[in-house]
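Engineer: What follows is a structure written as structure tokens; I'll ask about it next.
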2 protein chains.
Amino acid sequence: MITRNETKAVRVGTLAIGGGAPVVIQSMTTTKTTDVAATLQQIRELAAAGCELVRVAVPDGAAAAALPDIVAASPLPVVADIHFDYRLALAALDAGVAKLRINPGNIGGRERLAKVVEKAAQKEVPLRIGVNAGSLEKQLLERYGVSPQALVESAVSHIRLVERLHYNKLVISLKASSVPLTVAAHRLLAETVPYPQHLGITEAGPVFSGTIHSAVGIGALLLDGLGDTLRVSLTADPVEEIRVAREILTAAGVRRFGPRIISCPTCGRCRIDLQQLTGEIAAKLAGIGEPLTLAVMGCAVNGPGEAREADLGVAGGKGEGLIFRRGKVVKKVPQEKLVAEFVRMAEELAGSRKAGQD
Amino acid sequence: MITRNETKAVRVGTLAIGGGAPVVIQSMTTTKTTDVAATLQQIRELAAAGCELVRVAVPDGAAAAALPDIVAASPLPVVADIHFDYRLALAALDAGVAKLRINPGNIGGRERLAKVVEKAAQKEVPLRIGVNAGSLEKQLLERYGVSPQALVESAVSHIRLVERLHYNKLVISLKASSVPLTVAAHRLLAETVPYPQHLGITEAGPVFSGTIHSAVGIGALLLDGLGDTLRVSLTADPVEEIRVAREILTAAGVRRFGPRIISCPTCGRCRIDLQQLTGEIAAKLAGIGEPLTLAVMGCAVNGPGEAREADLGVAGGKGEGLIFRRGKVVKKVPQEKLVAEFVRMAEELAGSRKAGQD
């Protein structure tokens, strides 16, 4: 149903960003970059959770000096996050980072920018140009206020600076903590330049509100076919950012990671403890990697029909449950054997699908 | 930034749905409707959490017989959820419900539908016509498959049935567990009929995935200016549905409920324990009803500028923090007094805003 926006692809280490490649999930370490062991440990945890690209802050020379060791041992391509000091950007490129996040407007003028772009071009390392609603140029603020136009014009002026230096391996981000502003700005950006888009809601906040703000903003853009890489920003363990990112991608129908469980909200018609049943089944199937759609429904009257899109489903009844496949009941099972039998059938289905037999 | 879609307003008890009224938050009880005390207790909990309209299942005559007592004592307008049996719809209307959720296609034919519509018209009770991707008519499925077109045509055919009976106090919902399908269907519906829209993702699943699926789907539609009432469906305590609904409305910039805390994801530049600080501040300000925007930022370099849209903010430093207002630093406070001073200033600001002085 979703047609992905066409963008110019760039290579980031072993990954592609843009050009129709799967939307890349990234995060950022929260360790001191100078603490190489702790940083690598966090990168490994992120990778295990499904992170595909990791950014590290490079606030000073000591952090830059830690980069070669981090890059060498990291299981993921590393992005260096640079502000103000072009020498840190040069050091990061020498350290072998796969991508550089800079703001061309605050790197110290055109000559210094040219040095960074020249070295990035030599190494074919893409630049992410990050514009933030909180640090827009004064003249743009005066002309447009904090608006989609101001964010896009700021990005375009930075893009032109780099293009004039004959480089165009770029990824663009426009960040604001206002979700409607971020969404409108990225839509306008897509009409303006063909570069891959990095999606995120900045300062999204603590887990509960940050998750929802990110889902609304990033999700709306993904549903539009926009976005080539994304980061969910939460004031939390970054591993949580990956869980949320995966679920947003799944909800938007853009990527799939393992089984998806659909379940009805319980209502007065419900004949079983649906919350417990859903939890039990979800826990037992956590190891399956195949993208099955599984339904856990409260009543036999509506369950099988309402969940006919499910590969496999279970509907509760009095003392027994129905197991159904694509809307058709295939088995009646006593209550006490329901979870075990459903899990067995789901694993069997995952197995045959993995083998290409379903 | 968002222009709300123009819809025909209907009255639901003391509420308006549509016509530019605030988007109404609703939920559904999970108690047995025949257990009046438990149902009323849950309705009171929902109301306390911010629910504005509550639906109860009416699966049989015993549930219908409980409705007068529920309606009489409920702090919220009550919607009756009816399937198949038109006599239950008539009984619910006699019991004084404020709205009826029916599927005109499964209520037993035109004559029986006419009796329901006639009584609803007498009592000026709106009907919610709920179409579900799981129960589409065979001929629509054959013609369009499970698609936005099939959902909208199904809704339109039901709408025409009721309109031909000279009634048009209607609210329309199109539900599917696929987020892209739900979003595309509601967009098409808005181009087709002027009735208020009820938003929701059906079978959204357990709390984590249900929250994110709902935020992506409902959020995208709210950002389009669509939606006049919404329900977040979670396989969980319905009070959780209200928390999520409020946060989605806040993220989409459609409604505000109390303070919003923006905070940066921590990074290597962070000089304080941001997660703890954010949690402490959020807990201490939970009682404030004014829609303040508060920022909790990790570093003094970027914090005040990046969060210049915040009414009040705090940025961490070494052993002390900066408090800023709309991007300008107003105070330097030692670490140990930071939370107390920030909370004091936020409460003061909320107080003067409430009094209309800010």
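If you're wondering about the labels, chains in the structure tokens are A, B, ... by order shown, residues count from 1 in each chain, ligands from 1 in order shown.
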Can you list, as a list in words, all residues belonging to range 43-144 of chain B that DSSP tags as strand (DSSP E or B)?
Structural biologist: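 Those residues are Leu53, Val54, Arg55, Val56, Ala57, Val78, Val79, Ala80, Asp81, Lys99, Leu100, Arg101, Ile102, Leu127, Arg128, Ile129, Gly130, Val131 and Asn132 of chain B.
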Engineer: Got a sec to tell me which of range 238-346 of chain A DSSP assigns to alpha helix (DSSP H), as an NGL selection string?
Structural biologist: :A and (238-251 or 274-284 or 303-306 or 338-346)
Engineer: Write out as an MDAnalysis selection string the residues lying within 8 Å of range 89-98 of chain A, counting only C-alpha atoms and excluding same-chain residues fewer than 5 positions away.
Structural biologist: chainID A and resid 12:13 64:65 67:68 71 77:80 82 115:116 119:120 123 125:126
Engineer: Put those residues in a file: N, CA, C and O atoms, as a PDB file, in the first residue's frame.
Structural biologist:
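Here's the written file again21.pdb:
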ATOM      1  N   VAL A  12      26.862   3.273   3.777  1.00  0.00           N
ATOM      2  CA  VAL A  12      27.381   3.563   5.119  1.00  0.00           C
ATOM      3  C   VAL A  12      27.956   2.252   5.630  1.00  0.00           C
ATOM      4  O   VAL A  12      27.226   1.397   6.121  1.00  0.00           O
ATOM      5  N   GLY A  13      29.258   2.081   5.471  1.00  0.00           N
ATOM      6  CA  GLY A  13      29.862   0.790   5.799  1.00  0.00           C
ATOM      7  C   GLY A  13      29.215  -0.278   4.939  1.00  0.00           C
ATOM      8  O   GLY A  13      29.141  -0.161   3.719  1.00  0.00           O
ATOM      9  N   ALA A  64      37.752  11.793  20.123  1.00  0.00           N
ATOM     10  CA  ALA A  64      38.228  11.468  18.768  1.00  0.00           C
ATOM     11  C   ALA A  64      39.338  10.423  18.826  1.00  0.00           C
ATOM     12  O   ALA A  64      39.405   9.521  17.984  1.00  0.00           O
ATOM     13  N   ALA A  65      40.198  10.540  19.852  1.00  0.00           N
ATOM     14  CA  ALA A  65      41.314   9.596  19.984  1.00  0.00           C
ATOM     15  C   ALA A  65      40.838   8.185  20.314  1.00  0.00           C
ATOM     16  O   ALA A  65      41.546   7.206  20.061  1.00  0.00           O
ATOM     17  N   LEU A  67      38.158   6.867  18.962  1.00  0.00           N
ATOM     18  CA  LEU A  67      37.397   6.328  17.819  1.00  0.00           C
ATOM     19  C   LEU A  67      38.059   5.149  17.103  1.00  0.00           C
ATOM     20  O   LEU A  67      37.365   4.186  16.753  1.00  0.00           O
ATOM     21  N   PRO A  68      39.386   5.184  16.839  1.00  0.00           N
ATOM     22  CA  PRO A  68      39.951   4.047  16.097  1.00  0.00           C
ATOM     23  C   PRO A  68      39.678   2.710  16.775  1.00  0.00           C
ATOM     24  O   PRO A  68      39.304   1.747  16.111  1.00  0.00           O
ATOM     25  N   VAL A  71      35.849   1.916  16.361  1.00  0.00           N
ATOM     26  CA  VAL A  71      35.531   1.507  14.981  1.00  0.00           C
ATOM     27  C   VAL A  71      36.050   0.093  14.702  1.00  0.00           C
ATOM     28  O   VAL A  71      35.353  -0.729  14.102  1.00  0.00           O
ATOM     29  N   PRO A  77      28.475  -0.358  11.849  1.00  0.00           N
ATOM     30  CA  PRO A  77      29.109   0.856  11.337  1.00  0.00           C
ATOM     31  C   PRO A  77      28.911   1.996  12.344  1.00  0.00           C
ATOM     32  O   PRO A  77      27.868   2.071  12.993  1.00  0.00           O
ATOM     33  N   VAL A  78      29.927   2.845  12.462  1.00  0.00           N
ATOM     34  CA  VAL A  78      29.919   3.901  13.474  1.00  0.00           C
ATOM     35  C   VAL A  78      29.779   5.273  12.805  1.00  0.00           C
ATOM     36  O   VAL A  78      30.455   5.568  11.819  1.00  0.00           O
ATOM     37  N   VAL A  79      28.885   6.087  13.356  1.00  0.00           N
ATOM     38  CA  VAL A  79      28.710   7.472  12.911  1.00  0.00           C
ATOM     39  C   VAL A  79      29.303   8.380  13.986  1.00  0.00           C
ATOM     40  O   VAL A  79      29.018   8.193  15.167  1.00  0.00           O
ATOM     41  N   ALA A  80      30.107   9.345  13.567  1.00  0.00           N
ATOM     42  CA  ALA A  80      30.654  10.304  14.539  1.00  0.00           C
ATOM     43  C   ALA A  80      29.790  11.564  14.551  1.00  0.00           C
ATOM     44  O   ALA A  80      29.450  12.099  13.504  1.00  0.00           O
ATOM     45  N   ILE A  82      29.619  15.318  15.351  1.00  0.00           N
ATOM     46  CA  ILE A  82      30.579  16.418  15.511  1.00  0.00           C
ATOM     47  C   ILE A  82      29.863  17.767  15.569  1.00  0.00           C
ATOM     48  O   ILE A  82      28.958  18.024  14.775  1.00  0.00           O
ATOM     49  N   LYS A 115      37.691  21.410   3.850  1.00  0.00           N
ATOM     50  CA  LYS A 115      38.648  20.371   4.256  1.00  0.00           C
ATOM     51  C   LYS A 115      37.925  19.096   4.691  1.00  0.00           C
ATOM     52  O   LYS A 115      38.361  17.981   4.380  1.00  0.00           O
ATOM     53  N   VAL A 116      36.845  19.266   5.434  1.00  0.00           N
ATOM     54  CA  VAL A 116      36.077  18.098   5.897  1.00  0.00           C
ATOM     55  C   VAL A 116      35.452  17.376   4.705  1.00  0.00           C
ATOM     56  O   VAL A 116      35.549  16.145   4.578  1.00  0.00           O
ATOM     57  N   LYS A 119      38.000  15.417   2.575  1.00  0.00           N
ATOM     58  CA  LYS A 119      38.430  14.135   3.160  1.00  0.00           C
ATOM     59  C   LYS A 119      37.293  13.101   3.143  1.00  0.00           C
ATOM     60  O   LYS A 119      37.516  11.921   2.885  1.00  0.00           O
ATOM     61  N   ALA A 120      36.062  13.556   3.387  1.00  0.00           N
ATOM     62  CA  ALA A 120      34.913  12.639   3.330  1.00  0.00           C
ATOM     63  C   ALA A 120      34.791  12.059   1.918  1.00  0.00           C
ATOM     64  O   ALA A 120      34.547  10.859   1.751  1.00  0.00           O
ATOM     65  N   LYS A 123      37.309   9.383   1.167  1.00  0.00           N
ATOM     66  CA  LYS A 123      36.983   8.115   1.837  1.00  0.00           C
ATOM     67  C   LYS A 123      35.572   7.621   1.513  1.00  0.00           C
ATOM     68  O   LYS A 123      35.148   6.589   2.039  1.00  0.00           O
ATOM     69  N   VAL A 125      32.803   8.709   2.507  1.00  0.00           N
ATOM     70  CA  VAL A 125      32.014   8.656   3.741  1.00  0.00           C
ATOM     71  C   VAL A 125      30.875   9.680   3.637  1.00  0.00           C
ATOM     72  O   VAL A 125      31.136  10.859   3.438  1.00  0.00           O
ATOM     73  N   PRO A 126      29.628   9.242   3.763  1.00  0.00           N
ATOM     74  CA  PRO A 126      28.520  10.199   3.669  1.00  0.00           C
ATOM     75  C   PRO A 126      28.452  11.136   4.884  1.00  0.00           C
ATOM     76  O   PRO A 126      28.915  10.789   5.975  1.00  0.00           O
TER      77      PRO A 126
END
Engineer: Starting from chain B, keep only residues with some atom at most 7 Å from an atom of chain A, counting only C-alpha atoms, and report them as number ranges by chain.
Structural biologist: B: 29-33, 57, 59, 134-135, 179-180, 202-205, 209, 212-213, 215-216, 219-220, 223, 233-236, 247-248, 251-253, 261-269, 275, 305-308
Engineer: Of the candidates B:Leu165, B:Ser173, B:Lys332, B:Leu189, which shows the shortest atom-to-atom distance to Val152 in chain B, using only C-alpha atoms?
Structural biologist: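 Using only C-alpha atoms, Val152 in chain B sits closest to B:Leu189.
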Engineer: As an exercise, work out the distance from CA of Glu320 in chain B to CA of Val301 in chain B in Å and give it to one decimal place.
Structural biologist: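 Interatomic distance here is 13.5 Å.
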Engineer: Report as a list in words all protein, DNA and RNA residues lying within 9 Å of Val239 in chain A, evaluated on only C-alpha atoms, omitting residues in the same chain fewer than 4 positions from it.
Structural biologist: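 What passes the distance filter is Ser27, Gln42, Glu45, Leu46, Ala47, Ala48, Ala49, Gly50, Cys51, Arg243 and Val244 of chain A.
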Engineer: Excluding Leu174 in chain B and residues on its chain fewer than 2 positions from it, collect all residues at most 8 Å away from it, counting only C-alpha atoms, and give them as a PyMOL selection string.
Structural biologist: chain B and resi 130-133+151-152+155+172+176+182+185-186+198-199
Engineer: Using only N, CA, C and O atoms, please write the residues we just selected to a file, as a PDB file, in the first residue's frame.
Structural biologist:
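Resulting contents of selection.pdb:
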ATOM      1  N   GLY B 130     -20.193   1.155  12.615  1.00  0.00           N
ATOM      2  CA  GLY B 130     -18.838   0.606  12.709  1.00  0.00           C
ATOM      3  C   GLY B 130     -18.608  -0.459  11.661  1.00  0.00           C
ATOM      4  O   GLY B 130     -19.263  -1.487  11.676  1.00  0.00           O
ATOM      5  N   VAL B 131     -17.696  -0.204  10.744  1.00  0.00           N
ATOM      6  CA  VAL B 131     -17.335  -1.195   9.733  1.00  0.00           C
ATOM      7  C   VAL B 131     -15.991  -1.787  10.119  1.00  0.00           C
ATOM      8  O   VAL B 131     -15.092  -1.065  10.536  1.00  0.00           O
ATOM      9  N   ASN B 132     -15.879  -3.102  10.005  1.00  0.00           N
ATOM     10  CA  ASN B 132     -14.664  -3.780  10.422  1.00  0.00           C
ATOM     11  C   ASN B 132     -14.123  -4.614   9.261  1.00  0.00           C
ATOM     12  O   ASN B 132     -14.874  -5.339   8.614  1.00  0.00           O
ATOM     13  N   ALA B 133     -12.835  -4.484   9.011  1.00  0.00           N
ATOM     14  CA  ALA B 133     -12.224  -5.223   7.887  1.00  0.00           C
ATOM     15  C   ALA B 133     -12.467  -6.724   8.008  1.00  0.00           C
ATOM     16  O   ALA B 133     -12.485  -7.436   7.005  1.00  0.00           O
ATOM     17  N   LEU B 151     -13.774  -0.943   2.580  1.00  0.00           N
ATOM     18  CA  LEU B 151     -14.224  -0.418   3.876  1.00  0.00           C
ATOM     19  C   LEU B 151     -15.139   0.782   3.683  1.00  0.00           C
ATOM     20  O   LEU B 151     -16.190   0.899   4.323  1.00  0.00           O
ATOM     21  N   VAL B 152     -14.743   1.702   2.787  1.00  0.00           N
ATOM     22  CA  VAL B 152     -15.531   2.921   2.594  1.00  0.00           C
ATOM     23  C   VAL B 152     -16.855   2.592   1.899  1.00  0.00           C
ATOM     24  O   VAL B 152     -17.908   3.094   2.290  1.00  0.00           O
ATOM     25  N   ALA B 155     -19.184   1.175   4.439  1.00  0.00           N
ATOM     26  CA  ALA B 155     -19.711   2.237   5.310  1.00  0.00           C
ATOM     27  C   ALA B 155     -20.764   3.051   4.578  1.00  0.00           C
ATOM     28  O   ALA B 155     -21.835   3.337   5.119  1.00  0.00           O
ATOM     29  N   ILE B 172     -18.871   7.624  12.089  1.00  0.00           N
ATOM     30  CA  ILE B 172     -18.433   6.475  11.295  1.00  0.00           C
ATOM     31  C   ILE B 172     -17.065   5.981  11.768  1.00  0.00           C
ATOM     32  O   ILE B 172     -16.150   6.780  11.971  1.00  0.00           O
ATOM     33  N   ALA B 176      -9.474  -1.771  11.208  1.00  0.00           N
ATOM     34  CA  ALA B 176      -8.657  -2.868  10.712  1.00  0.00           C
ATOM     35  C   ALA B 176      -7.463  -2.960  11.627  1.00  0.00           C
ATOM     36  O   ALA B 176      -7.087  -1.977  12.261  1.00  0.00           O
ATOM     37  N   THR B 182      -6.092   1.138   7.715  1.00  0.00           N
ATOM     38  CA  THR B 182      -6.990   2.009   8.479  1.00  0.00           C
ATOM     39  C   THR B 182      -6.793   3.467   8.082  1.00  0.00           C
ATOM     40  O   THR B 182      -7.757   4.213   7.882  1.00  0.00           O
ATOM     41  N   ALA B 185      -8.092   4.159   4.568  1.00  0.00           N
ATOM     42  CA  ALA B 185      -9.556   4.100   4.529  1.00  0.00           C
ATOM     43  C   ALA B 185     -10.177   5.375   5.103  1.00  0.00           C
ATOM     44  O   ALA B 185     -11.110   5.938   4.526  1.00  0.00           O
ATOM     45  N   HIS B 186      -9.663   5.860   6.227  1.00  0.00           N
ATOM     46  CA  HIS B 186     -10.233   7.079   6.822  1.00  0.00           C
ATOM     47  C   HIS B 186      -9.978   8.304   5.940  1.00  0.00           C
ATOM     48  O   HIS B 186     -10.804   9.208   5.870  1.00  0.00           O
ATOM     49  N   HIS B 198     -14.751   8.291  13.907  1.00  0.00           N
ATOM     50  CA  HIS B 198     -14.278   7.639  15.134  1.00  0.00           C
ATOM     51  C   HIS B 198     -13.012   6.870  14.763  1.00  0.00           C
ATOM     52  O   HIS B 198     -13.047   5.987  13.918  1.00  0.00           O
ATOM     53  N   LEU B 199     -11.881   7.230  15.394  1.00  0.00           N
ATOM     54  CA  LEU B 199     -10.605   6.606  15.034  1.00  0.00           C
ATOM     55  C   LEU B 199     -10.213   5.507  16.013  1.00  0.00           C
ATOM     56  O   LEU B 199     -10.419   5.633  17.221  1.00  0.00           O
TER      57      LEU B 199
END
Engineer: Using only C-alpha atoms, determine which residues lie at most 7 Å from Arg325 in chain A, disregarding the query and same-chain residues fewer than 5 positions distant; provide the list as a ChimeraX atom specification.
Structural biologist: /A:310-313,330
Engineer: Can you list, as a list in words, every protein, DNA or RNA residue that comes within 8 Å of Lys331 in chain B when you count only C-alpha atoms, leaving out same-chain residues fewer than 4 positions away?
Structural biologist: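 Contacts, with the query itself left out: Leu322, Ile323 and Phe324 of chain B.
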Engineer: CA of Pro259 in chain A and CA of Glu280 in chain A, how far apart in Å?
Structural biologist: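 Pair CA of Glu280 in chain A / CA of Pro259 in chain A returns 13.9 Å.
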